[in-house]
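> The following file, coords-v3.cif, comprises mmCIF, C-alpha atoms:
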```cif
data_protein
#
loop_
_atom_site.group_PDB
_atom_site.id
_atom_site.type_symbol
_atom_site.label_atom_id
_atom_site.label_comp_id
_atom_site.auth_asym_id
_atom_site.auth_seq_id
_atom_site.Cartn_x
_atom_site.Cartn_y
_atom_site.Cartn_z
ATOM 1 C CA MET H 27 16.291 -1.118 23.042
ATOM 2 C CA GLU H 28 13.576 -0.251 25.537
ATOM 3 C CA GLU H 29 12.394 2.473 23.159
ATOM 4 C CA LEU H 30 11.980 -0.109 20.403
ATOM 5 C CA GLU H 31 9.989 -2.436 22.670
ATOM 6 C CA GLN H 32 7.634 0.320 23.787
ATOM 7 C CA GLY H 33 7.312 1.730 20.275
ATOM 8 C CA LEU H 34 6.450 -1.674 18.834
ATOM 9 C CA LEU H 35 3.785 -2.223 21.462
ATOM 10 C CA MET H 36 2.057 1.008 20.423
ATOM 11 C CA GLN H 37 1.915 0.032 16.749
ATOM 12 C CA PRO H 38 -1.304 -1.513 15.398
ATOM 13 C CA TRP H 39 -1.360 -4.843 13.597
ATOM 14 C CA ALA H 40 -1.794 -4.589 9.835
ATOM 15 C CA TRP H 41 -2.054 -6.874 6.828
ATOM 16 C CA LEU H 42 1.166 -7.530 4.943
ATOM 17 C CA GLN H 43 0.210 -8.887 1.538
ATOM 18 C CA LEU H 44 2.853 -11.102 -0.053
ATOM 19 C CA ALA H 45 2.758 -12.857 -3.393
ATOM 20 C CA GLU H 46 2.455 -16.273 -1.755
ATOM 21 C CA SER H 47 0.516 -15.459 1.417
ATOM 22 C CA SER H 48 -0.871 -12.830 3.764
ATOM 23 C CA LEU H 49 0.621 -12.061 7.138
ATOM 24 C CA LEU H 50 -0.173 -9.914 10.124
ATOM 25 C CA ALA H 51 2.694 -7.588 10.898
ATOM 26 C CA LYS H 52 3.724 -4.596 12.973
ATOM 27 C CA ALA H 53 7.017 -2.731 12.890
ATOM 28 C CA TYR H 54 8.739 0.140 14.658
ATOM 29 C CA ILE H 55 11.859 1.655 13.111
ATOM 30 C CA THR H 56 14.101 4.392 14.485
ATOM 31 C CA LYS H 57 17.646 5.586 13.846
ATOM 32 C CA GLN H 58 18.815 3.202 16.579
ATOM 33 C CA GLY H 59 17.348 0.015 15.078
ATOM 34 C CA TYR H 60 14.032 -1.699 14.449
ATOM 35 C CA ALA H 61 11.607 -4.211 15.991
ATOM 36 C CA LEU H 62 9.310 -6.398 13.903
ATOM 37 C CA LEU H 63 6.513 -8.857 14.693
ATOM 38 C CA VAL H 64 4.983 -11.159 12.057
ATOM 39 C CA SER H 65 2.248 -13.779 12.404
ATOM 40 C CA ASP H 66 0.278 -16.161 10.209
ATOM 41 C CA LEU H 67 -2.173 -16.827 13.095
ATOM 42 C CA GLN H 68 -0.440 -20.146 13.637
ATOM 43 C CA GLN H 69 2.936 -18.829 14.768
ATOM 44 C CA VAL H 70 4.439 -15.483 15.728
ATOM 45 C CA TRP H 71 7.956 -14.409 14.753
ATOM 46 C CA HIS H 72 10.018 -11.528 16.063
ATOM 47 C CA GLU H 73 13.219 -9.644 15.302
ATOM 48 C CA GLN H 74 14.792 -6.729 17.122
ATOM 49 C CA VAL H 75 18.201 -5.360 16.090
ATOM 50 C CA ASP H 76 20.394 -2.336 16.719
ATOM 51 C CA THR H 77 22.612 -0.312 14.382
ATOM 52 C CA SER H 78 25.552 -2.734 14.640
ATOM 53 C CA VAL H 79 23.471 -5.580 13.150
ATOM 54 C CA VAL H 80 21.985 -3.240 10.536
ATOM 55 C CA SER H 81 25.464 -2.116 9.471
ATOM 56 C CA GLN H 82 26.844 -5.632 9.174
ATOM 57 C CA ARG H 83 23.826 -7.069 7.345
ATOM 58 C CA GLY H 84 23.636 -4.059 5.061
ATOM 59 C CA LYS H 85 27.234 -4.575 3.933
ATOM 60 C CA GLU H 86 26.715 -8.296 3.371
ATOM 61 C CA LEU H 87 23.587 -7.847 1.239
ATOM 62 C CA ASN H 88 24.469 -4.600 -0.553
ATOM 63 C CA LYS H 89 28.142 -4.643 -1.467
ATOM 64 C CA ARG H 90 27.697 -1.848 -4.017
ATOM 65 C CA LEU H 91 26.032 0.463 -1.526
ATOM 66 C CA THR H 92 27.987 2.564 0.925
ATOM 67 C CA ALA H 93 25.627 4.092 3.447
ATOM 68 C CA PRO H 94 25.392 4.471 7.229
ATOM 69 C CA PRO H 95 22.939 2.310 9.189
ATOM 70 C CA ALA H 96 20.612 5.306 9.597
ATOM 71 C CA ALA H 97 20.168 5.455 5.806
ATOM 72 C CA PHE H 98 19.238 1.760 5.646
ATOM 73 C CA LEU H 99 16.807 2.171 8.522
ATOM 74 C CA CYS H 100 15.203 5.238 6.992
ATOM 75 C CA HIS H 101 14.748 3.415 3.687
ATOM 76 C CA LEU H 102 13.191 0.384 5.382
ATOM 77 C CA ASP H 103 10.830 2.677 7.257
ATOM 78 C CA ASN H 104 9.799 4.356 3.997
ATOM 79 C CA LEU H 105 9.072 0.944 2.480
ATOM 80 C CA LEU H 106 7.171 -0.593 5.385
ATOM 81 C CA ARG H 107 5.240 2.326 6.845
ATOM 82 C CA PRO H 108 2.889 3.021 3.893
ATOM 83 C CA LEU H 109 2.469 -0.699 3.226
ATOM 84 C CA LEU H 110 1.307 -1.438 6.772
ATOM 85 C CA LYS H 111 -1.001 1.567 6.827
ATOM 86 C CA ASP H 112 -2.785 0.654 3.583
ATOM 87 C CA ALA H 113 -2.766 -2.895 2.198
ATOM 88 C CA ALA H 114 -3.760 -1.545 -1.227
ATOM 89 C CA HIS H 115 -0.889 0.934 -1.269
ATOM 90 C CA PRO H 116 1.407 0.305 -4.255
ATOM 91 C CA SER H 117 4.691 -0.819 -2.784
ATOM 92 C CA GLU H 118 8.052 0.340 -4.090
ATOM 93 C CA ALA H 119 9.552 -2.970 -2.994
ATOM 94 C CA THR H 120 9.044 -6.688 -3.567
ATOM 95 C CA PHE H 121 8.417 -8.759 -0.445
ATOM 96 C CA SER H 122 8.686 -12.527 -0.107
ATOM 97 C CA SER H 123 9.037 -14.969 2.773
ATOM 98 C CA ASP H 124 10.866 -18.261 3.402
ATOM 99 C CA HIS H 125 10.636 -20.687 6.290
ATOM 100 C CA VAL H 126 14.012 -21.911 7.509
ATOM 101 C CA ALA H 127 13.609 -24.423 10.325
ATOM 102 C CA GLU H 128 11.503 -22.534 12.899
ATOM 103 C CA ALA H 129 12.544 -19.106 11.643
ATOM 104 C CA LEU H 130 10.876 -16.867 9.086
ATOM 105 C CA ILE H 131 12.979 -14.848 6.658
ATOM 106 C CA LEU H 132 11.186 -11.875 5.154
ATOM 107 C CA ARG H 133 13.052 -10.748 2.050
ATOM 108 C CA VAL H 134 12.850 -7.229 0.639
ATOM 109 C CA ARG H 135 14.035 -6.063 -2.755
ATOM 110 C CA SER H 136 13.997 -2.398 -3.720
ATOM 111 C CA GLU H 137 16.217 0.448 -4.915
ATOM 112 C CA LEU H 138 18.275 2.964 -2.959
ATOM 113 C CA SER H 139 20.059 5.847 -4.662
ATOM 114 C CA GLY H 140 19.461 4.186 -8.046
ATOM 115 C CA LEU H 141 21.111 0.905 -6.991
ATOM 116 C CA PRO H 142 19.462 -2.422 -6.065
ATOM 117 C CA PHE H 143 18.740 -2.691 -2.371
ATOM 118 C CA TYR H 144 18.258 -5.997 -0.561
ATOM 119 C CA TRP H 145 17.257 -6.711 2.994
ATOM 120 C CA ASN H 146 16.396 -9.843 4.974
ATOM 121 C CA PHE H 147 14.459 -9.767 8.222
ATOM 122 C CA HIS H 148 15.572 -12.813 10.236
ATOM 123 C CA CYS H 149 12.590 -13.467 12.492
ATOM 124 C CA ILE H 150 12.722 -16.131 15.182
ATOM 125 C CA PRO H 151 9.751 -17.568 17.142
ATOM 126 C CA ALA H 152 8.446 -15.015 19.605
ATOM 127 C CA SER H 153 8.431 -15.857 23.299
ATOM 128 C CA PRO H 154 5.100 -16.652 25.016
ATOM 129 C CA SER H 155 5.343 -13.443 27.035
ATOM 130 C CA LEU H 156 5.778 -11.393 23.857
ATOM 131 C CA VAL H 157 2.778 -13.090 22.214
ATOM 132 C CA SER H 158 0.708 -12.400 25.302
ATOM 133 C CA GLN H 159 1.820 -8.769 25.425
ATOM 134 C CA HIS H 160 1.106 -8.001 21.762
ATOM 135 C CA LEU H 161 -1.814 -10.331 20.961
ATOM 136 C CA ILE H 162 -3.647 -12.041 23.803
ATOM 137 C CA ARG H 163 -3.927 -9.232 26.334
ATOM 138 C CA PRO H 164 -4.837 -6.506 23.793
ATOM 139 C CA LEU H 165 -7.456 -8.748 22.173
ATOM 140 C CA MET H 166 -8.994 -9.648 25.525
ATOM 141 C CA GLY H 167 -9.056 -5.987 26.501
ATOM 142 C CA MET H 168 -10.718 -5.047 23.220
ATOM 143 C CA SER H 169 -13.303 -7.796 23.697
ATOM 144 C CA LEU H 170 -14.191 -6.570 27.175
ATOM 145 C CA THR H 171 -14.438 -2.983 25.916
ATOM 146 C CA LEU H 172 -16.786 -4.033 23.099
ATOM 147 C CA GLN H 173 -18.962 -5.929 25.553
ATOM 148 C CA CYS H 174 -19.231 -2.831 27.760
ATOM 149 C CA GLN H 175 -20.182 -0.713 24.746
ATOM 150 C CA VAL H 176 -22.836 -3.238 23.714
ATOM 151 C CA ARG H 177 -24.357 -3.097 27.193
ATOM 152 C CA GLU H 178 -24.404 0.697 27.072
ATOM 153 C CA LEU H 179 -26.133 0.652 23.678
ATOM 154 C CA ALA H 180 -28.638 -1.919 24.927
ATOM 155 C CA ALA H 181 -29.443 0.280 27.920
ATOM 156 C CA LEU H 182 -29.901 3.245 25.582
ATOM 157 C CA LEU H 183 -32.337 1.285 23.405
ATOM 158 C CA ARG H 184 -34.291 0.317 26.514
ATOM 159 C CA MET H 185 -34.571 3.987 27.490
ATOM 160 C CA LYS H 186 -35.726 4.784 23.955
ATOM 161 C CA ASP H 187 -38.489 2.203 24.327
ATOM 162 C CA LEU H 188 -39.599 3.835 27.566
ATOM 163 C CA GLU H 189 -39.570 7.227 25.843
ATOM 164 C CA ILE H 190 -41.697 5.898 22.977
ATOM 165 C CA GLN H 191 -44.071 4.282 25.458
ATOM 166 C CA ASP H 192 -44.549 7.636 27.145
ATOM 167 C CA TYR H 193 -45.359 9.281 23.811
ATOM 168 C CA GLN H 194 -47.825 6.507 22.971
ATOM 169 C CA GLU H 195 -49.574 6.817 26.317
ATOM 170 C CA SER H 196 -49.927 10.533 25.588
ATOM 171 C CA GLY H 197 -51.804 9.674 22.394
ATOM 172 C CA ALA H 198 -49.070 9.977 19.789
ATOM 173 C CA THR H 199 -49.336 7.649 16.770
ATOM 174 C CA LEU H 200 -47.177 6.741 13.819
ATOM 175 C CA SER H 201 -47.970 8.334 10.479
ATOM 176 C CA ARG H 202 -46.635 5.226 8.690
ATOM 177 C CA ASP H 203 -47.182 1.719 10.064
ATOM 178 C CA ARG H 204 -44.005 0.417 8.430
ATOM 179 C CA LEU H 205 -41.995 2.470 10.931
ATOM 180 C CA LYS H 206 -43.367 0.476 13.858
ATOM 181 C CA THR H 207 -40.791 -1.646 15.688
ATOM 182 C CA GLU H 208 -41.095 -4.318 18.347
ATOM 183 C CA PRO H 209 -39.956 -3.489 21.880
ATOM 184 C CA PHE H 210 -36.265 -4.177 22.391
ATOM 185 C CA GLU H 211 -35.683 -7.348 24.427
ATOM 186 C CA GLU H 212 -32.484 -6.446 26.222
ATOM 187 C CA ASN H 213 -31.850 -9.703 28.079
ATOM 188 C CA SER H 214 -32.344 -11.871 24.990
ATOM 189 C CA PHE H 215 -30.134 -9.635 22.901
ATOM 190 C CA LEU H 216 -27.264 -9.546 25.407
ATOM 191 C CA GLU H 217 -27.372 -13.285 25.996
ATOM 192 C CA GLN H 218 -27.337 -14.089 22.282
ATOM 193 C CA PHE H 219 -24.676 -11.525 21.454
ATOM 194 C CA MET H 220 -22.249 -12.437 24.214
ATOM 195 C CA VAL H 221 -22.623 -16.215 24.022
ATOM 196 C CA GLU H 222 -23.345 -16.882 20.354
ATOM 197 C CA SER H 223 -22.567 -14.008 18.045
ATOM 198 C CA LEU H 224 -18.902 -13.407 18.896
ATOM 199 C CA TYR H 225 -17.536 -16.795 19.873
ATOM 200 C CA MET H 226 -19.743 -19.009 17.751
ATOM 201 C CA ALA H 227 -19.196 -16.992 14.567
ATOM 202 C CA VAL H 228 -15.486 -17.762 14.716
ATOM 203 C CA THR H 229 -15.585 -21.360 15.855
ATOM 204 C CA LYS H 230 -18.478 -22.316 13.592
ATOM 205 C CA GLN H 231 -16.648 -21.115 10.513
ATOM 206 C CA GLU H 232 -13.489 -22.970 11.524
ATOM 207 C CA VAL H 233 -15.475 -26.213 11.838
ATOM 208 C CA GLN H 234 -17.214 -25.636 8.496
ATOM 209 C CA VAL H 235 -13.906 -25.065 6.721
ATOM 210 C CA GLY H 236 -12.510 -28.281 8.176
ATOM 211 C CA GLN H 237 -15.594 -30.304 7.192
ATOM 212 C CA LYS H 238 -15.570 -28.885 3.675
ATOM 213 C CA HIS H 239 -11.981 -29.954 3.061
ATOM 214 C CA GLN H 240 -12.499 -33.381 4.625
ATOM 215 C CA GLY H 241 -15.546 -33.966 2.432
ATOM 216 C CA THR H 242 -13.451 -33.782 -0.721
ATOM 217 C CA GLY H 243 -11.674 -37.027 0.173
ATOM 218 C CA ASP H 244 -8.390 -35.662 -1.116
ATOM 219 C CA PRO H 245 -5.596 -36.239 1.431
ATOM 220 C CA GLN H 246 -3.758 -33.141 0.278
ATOM 221 C CA THR H 247 -6.867 -31.028 0.470
ATOM 222 C CA SER H 248 -7.880 -32.513 3.788
ATOM 223 C CA SER H 249 -4.584 -31.465 5.294
ATOM 224 C CA SER H 250 -5.577 -27.846 4.783
ATOM 225 C CA ALA H 251 -8.343 -28.388 7.307
ATOM 226 C CA SER H 252 -5.710 -28.034 9.992
ATOM 227 C CA PRO H 253 -5.659 -24.859 12.088
ATOM 228 C CA GLN H 254 -2.967 -23.437 9.827
ATOM 229 C CA GLY H 255 -5.159 -23.839 6.735
ATOM 230 C CA THR H 256 -8.119 -22.277 8.480
ATOM 231 C CA ASP H 257 -6.042 -19.388 9.768
ATOM 232 C CA SER H 258 -4.782 -18.702 6.249
ATOM 233 C CA GLN H 259 -8.355 -18.383 5.035
ATOM 234 C CA PHE H 260 -9.149 -15.941 7.834
ATOM 235 C CA LEU H 261 -6.125 -13.871 6.842
ATOM 236 C CA ASN H 262 -7.109 -13.779 3.182
ATOM 237 C CA GLN H 263 -10.834 -13.201 3.786
ATOM 238 C CA PRO H 264 -11.287 -11.552 7.194
ATOM 239 C CA GLU H 265 -14.647 -10.090 6.155
ATOM 240 C CA GLN H 266 -16.187 -13.587 6.261
ATOM 241 C CA LEU H 267 -16.242 -13.376 10.043
ATOM 242 C CA ILE H 268 -18.677 -10.503 9.758
ATOM 243 C CA SER H 269 -20.929 -12.017 7.106
ATOM 244 C CA SER H 270 -21.111 -15.373 8.899
ATOM 245 C CA ALA H 271 -22.170 -13.914 12.246
ATOM 246 C CA PRO H 272 -25.714 -15.033 13.205
ATOM 247 C CA ALA H 273 -28.407 -12.434 12.751
ATOM 248 C CA LEU H 274 -29.456 -10.755 15.959
ATOM 249 C CA SER H 275 -33.181 -10.713 16.526
ATOM 250 C CA VAL H 276 -34.668 -7.793 18.395
ATOM 251 C CA SER H 277 -38.109 -9.347 18.656
ATOM 252 C CA GLU H 278 -37.404 -12.651 20.456
ATOM 253 C CA LYS H 279 -39.420 -13.492 23.532
ATOM 254 C CA GLU H 280 -38.100 -12.287 26.826
ATOM 255 C CA PRO H 281 -36.455 -14.967 29.007
ATOM 256 C CA THR H 282 -38.752 -16.618 31.526
ATOM 257 C CA GLY H 283 -38.799 -15.274 35.025
ATOM 258 C CA THR H 284 -40.045 -12.078 36.558
ATOM 259 C CA SER H 285 -36.918 -10.997 38.386
ATOM 260 C CA GLY H 286 -33.901 -9.169 37.026
ATOM 261 C CA PRO H 287 -32.683 -5.583 37.131
ATOM 262 C CA MET H 288 -32.883 -5.180 33.354
ATOM 263 C CA GLN H 289 -36.524 -6.282 32.936
ATOM 264 C CA ARG H 290 -38.416 -3.973 30.585
ATOM 265 C CA PRO H 291 -41.928 -2.873 31.561
ATOM 266 C CA GLN H 292 -44.668 -3.988 29.160
ATOM 267 C CA LEU H 293 -46.154 -1.393 26.834
ATOM 268 C CA SER H 294 -49.785 -0.652 27.545
ATOM 269 C CA LYS H 295 -52.316 -0.699 24.732
ATOM 270 C CA VAL H 296 -53.913 2.638 23.897
ATOM 271 C CA LYS H 297 -56.832 3.462 21.684
ATOM 272 C CA ARG H 298 -55.577 4.670 18.334
ATOM 273 C CA LYS H 299 -56.649 8.090 17.277
ATOM 274 C CA LYS H 300 -56.622 9.544 13.820
ATOM 275 C CA PRO H 301 -53.011 9.660 12.567
ATOM 276 C CA ARG H 302 -51.527 13.068 13.292
ATOM 277 C CA GLY H 303 -47.844 12.495 12.598
ATOM 278 C CA LEU H 304 -45.129 10.780 14.568
ATOM 279 C CA PHE H 305 -45.215 12.823 17.774
ATOM 280 C CA SER H 306 -47.806 15.480 16.972
#
```
Here is a file; write its structure as structure tokens.

Amino acid sequence: MEELEQGLLMQPWAWLQLAESSLLAKAYITKQGYALLVSDLQQVWHEQVDTSVVSQRGKELNKRLTAPPAAFLCHLDNLLRPLLKDAAHPSEATFSSDHVAEALILRVRSELSGLPFYWNFHCIPASPSLVSQHLIRPLMGMSLTLQCQVRELAALLRMKDLEIQDYQESGATLSRDRLKTEPFEENSFLEQFMVESLYMAVTKQEVQVGQKHQGTGDPQTSSSASPQGTDSQFLNQPEQLISSAPALSVSEKEPTGTSGPMQRPQLSKVKRKKPRGLFS
């Protein structure tokens, strides 16, 4: 079972498109069993079983099929793997979900050896430690990595400005004025990106969705302004997070103050000569 736990942790999250909803899911299937995680961004469900459970459930759901647990597991892997890798991949199975108390039952209908094949994933609420291991800690790590990469890119742009300044002081001019750019304000960019662009883009949209539903005055519609309703919209339209992010200005004024290790030296004005090309 330790192999299943480690294998599941290494799997990426993917969209699982169902007829009635969209879910985030990850699965790891071997000949010894499978582990599955499913989330609607409001709750997380989990199931991990070995061959004994697969054998018993397979017999209960497929009385006309006589196959070893490895055959059931291989078939489930063939159904889930391409679907989780590509949401637009045409599935050979029909997936649906039902909520039973706090559990989530993910039903699968397909064919195996020319006979109908049925399977039910019985997913129970995941423990807080499992949610932290598969969602919170990886997301925080990814966020920190992205912030480091942004700082590296900002430092590179600052060096580019210094390089351009050196060319300008040597007398180089632009052949086309439309190519001229303002000096990159590193401190303003980093402050706006870290504080506003990432966090505010998400929270602002969640507030707007809630206000939109409440403005209709319909009690049923207003109920969808709950976190669950907002999360469902994020699942169905994740690209909105990108389009709603505030535009980053590269020409804002530099923060007041003369101290700071990242302060960019001012460009000196030089007398323009006759255009000779970009760096000629």
> Do you have the CA of His101 in chain H-CA of Glu137 in chain H distance handy?
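Computing the Euclidean distance for CA of His101 in chain H and CA of Glu137 in chain H yields 9.2 Å.
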> Apply the PyMOL selection byres ((chain H and resi 73-89) around 8) to the displayed file and report the matching residues as an mmCIF file with C-alpha atoms, keeping the file's coordinate frame.

```cif
data_model
loop_
_atom_site.group_PDB
_atom_site.id
_atom_site.type_symbol
_atom_site.label_atom_id
_atom_site.label_comp_id
_atom_site.auth_asym_id
_atom_site.auth_seq_id
_atom_site.Cartn_x
_atom_site.Cartn_y
_atom_site.Cartn_z
ATOM 1 C CA MET H 27 16.291 -1.118 23.042
ATOM 2 C CA LEU H 30 11.980 -0.109 20.403
ATOM 3 C CA LYS H 57 17.646 5.586 13.846
ATOM 4 C CA GLN H 58 18.815 3.202 16.579
ATOM 5 C CA GLY H 59 17.348 0.015 15.078
ATOM 6 C CA TYR H 60 14.032 -1.699 14.449
ATOM 7 C CA ALA H 61 11.607 -4.211 15.991
ATOM 8 C CA LEU H 62 9.310 -6.398 13.903
ATOM 9 C CA LEU H 63 6.513 -8.857 14.693
ATOM 10 C CA TRP H 71 7.956 -14.409 14.753
ATOM 11 C CA HIS H 72 10.018 -11.528 16.063
ATOM 12 C CA ARG H 90 27.697 -1.848 -4.017
ATOM 13 C CA LEU H 91 26.032 0.463 -1.526
ATOM 14 C CA THR H 92 27.987 2.564 0.925
ATOM 15 C CA PRO H 94 25.392 4.471 7.229
ATOM 16 C CA PRO H 95 22.939 2.310 9.189
ATOM 17 C CA ALA H 96 20.612 5.306 9.597
ATOM 18 C CA PHE H 98 19.238 1.760 5.646
ATOM 19 C CA LEU H 99 16.807 2.171 8.522
ATOM 20 C CA PRO H 142 19.462 -2.422 -6.065
ATOM 21 C CA PHE H 143 18.740 -2.691 -2.371
ATOM 22 C CA TYR H 144 18.258 -5.997 -0.561
ATOM 23 C CA TRP H 145 17.257 -6.711 2.994
ATOM 24 C CA PHE H 147 14.459 -9.767 8.222
ATOM 25 C CA HIS H 148 15.572 -12.813 10.236
ATOM 26 C CA CYS H 149 12.590 -13.467 12.492
ATOM 27 C CA ILE H 150 12.722 -16.131 15.182
#
```
> At what distance in Å, to one decimal, does CA of Arg177 in chain H lie from CA of Leu216 in chain H?
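Here the two named atoms are 7.3 Å from each other.
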> What would the selection look like, as a list of chain:residue names, if the PyMOL selection byres ((chain H and resi 125) around 12) were run on the coordinates I just shared?
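Applied to this file, the PyMOL selection byres ((chain H and resi 125) around 12) returns H:Asp66, H:Gln69, H:Trp71, H:Ser122, H:Ser123, H:Asp124, H:Val126, H:Ala127, H:Glu128, H:Ala129, H:Leu130, H:Ile131, H:Leu132, H:Arg133, H:Phe147, H:His148, H:Cys149, H:Ile150, H:Pro151.
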> Could you expand the PyMOL selection byres ((chain H and resi 52) around 8) into the explicit residues it covers here, written as a PyMOL selection string?
chain H and resi 34+37-40+50-51+53-54+62-64+110
> What gap, in Å, lies between CA of Asn213 in chain H and CA of Leu182 in chain H?
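Value for the CA of Asn213 in chain H-CA of Leu182 in chain H distance: 13.3 Å.
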